[in-house]
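A short worksheet on the structure shown next.
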Amino acid sequence: MRILGIESSCDESAVAIIENGTTVLADRVSSQTALHAPYGGVVPELASRRHVEILNLLLEQALADAQLSYDDLDAIAVTRGPGLLGSLLVGVMCAKTLAWDLQIPLIGVHHLEAHLYANFLVFPELEPPLLTLLVSGGHSLLVLMEAHGRYRVLGQTLDDAVGEAYDKVARLLDLPYPGGPPIDREAQNGNPKAFDFPRAHLENPFDMSFSGLKTAVLYTVKRLQEKGEPLPVADLAASFQHAVVMALMKRIRLAVEETGVTQVAIAGGVAANSGLRNALEAEGQARGWQTFIPPRKYCTDNGVMIAAAGHHYFQQGRVSDLSLTAISRMPLPYV
Ligand code: KG4
Ligand code: ZN
């Protein structure tokens with residue numbers, strides 16, 4: 001079965017084709033990073049316009065990569081939410097048109113579930129139960145996947161998402177947008193113990209909070225600037241990253257203890273972070289967990305994960321009809 005996946009929920013337009021849930025036949029991603037960089041964040045109207053301009057081209061490129069024509073497709077999967085409504089609408093309308101014209105099933109996919117399903121594409125032997133730390137620019141959740149399509153959110157951020165905190169701290173350090181990759185790079189050359197940033201202690205120990213950490217970085221930067229000292233960017237980046245990774249790993253450890261589930265995955269854009277990847281791998285080895293760390297290109301937004309989720313939705317009978325709508329706020333699980 002060949003599924004075409006379309007992603008347009010934020011600032012990546014992406015189209016992919018996969019076969020039988022595991023074989024990637026095409027994987028096209030067009031990032032809008034440069035378009036939004038001057039504004040230091042995603043400008044919704046610009047994002048949806050760019051999706052409109054680029055999606056047809058990506059569709060044609062993906063089909064050419066896979067050496068297929070539209071008639072060779074068996075289903076269309078698309079992100080229906082959560083995300084920017086105008087951006088989501090572009091992908092959803094495109095998918096509905098294709099499904100109607102080709103008379104094939106349409107599958108509306110939850111973007112966060114798709115991040116999770118990236119792991120099932122990369123590790124085909126993987127079976128639930130699975131603990132997943134899902135960390136992106138818009139979301140931070142610790143999810144227990146009890147079975148396919150069945151999720152229990154153990155905790156989530158009460159304020160900023162992890163990626164959002166990276167993007168904001170990057171601005172403070174005069175690093176480019178999006179902030180994750182440059183902070184990650186700077187952190188390699190810095191001392192993670194140079195600054196002792198605070199950790200949040202919350203009522204639900206699985207919940208997360210990153211706005212206090214971001215403010216602590218802000219005050220440290222201001223203090224250094226007032227003294228006229230040059231900013232130790234690498235040390236600040238390394239100390240910030242250390243605080244983030246420690247907070248995330250603490251929650252993962254606790255989740256393993258409480259649930260007894262020792263299959264642990266990471267997903268979402270921040271799962272591309274080298275500090276988090278290394279920490280999970282080391283901890284997994286030390287404690288005998290099975291860890292699942294997808295390649296970086298399947299952590300940030302892509303079409304492959306949408307098609308992979310579509311494959312599992314189809315198997316679960318979760319097929320949409322042409323009345324499918326885009327939904328900007330969409331909790332997990334969505335019922
Ligand atoms: O999943 P994603 O592509 O889009 C959303 O659904 O939000 O995640 C984007 C986020 C951005 O905030 C970006 O700064 C962050 O992922 N990110 C990283 C890294 N690469 C991307 N954060 C930390 N370290 C990285 N290496
Ligand atoms: Zn995402």
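Here, A, B, ... name the chains of the structure tokens in the order displayed, residue numbers run from 1 inside each chain, and ligands are numbered from 1 in the same displayed order.
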
Taking only C-alpha atoms and all ligand atoms into account, which residues are within 9 Å of ligand 1, as an NGL selection string? :A and (9-12 or 82-83 or 111-112 or 115 or 134-139 or 161-168 or 170 or 177-185 or 241 or 267-276 or 296 or 298-302)

So that I can see what lies close to stretch 191-204 of chain A, please list as a list in words the residues with an atom at most 7 Å from it, counting only C-alpha atoms and leaving out residues fewer than 6 positions away in the same chain.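 In the requested format, the answer is Leu213, Ala216, Asp235, Leu236, Ala238, Ser239, Phe240, His242, Ala243 and Ala247 of chain A.
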
Just list the residues in stretch 28-102 of chain A DSSP gives strand (DSSP E or B) on the backbone, as a VMD selection string. chain A and resid 28 to 31 75 to 81

Between A:Arg329, A:Arg150, A:Arg251, A:His36, smallest distance to A:Phe206 by only C-alpha atoms belongs to A:Arg251

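Among the candidates A:Gln67, A:Ser211, A:Thr79, A:Thr23, the residue lying nearest to ligand 2 is A:Thr79 (atoms considered: only C-alpha atoms and all ligand atoms).
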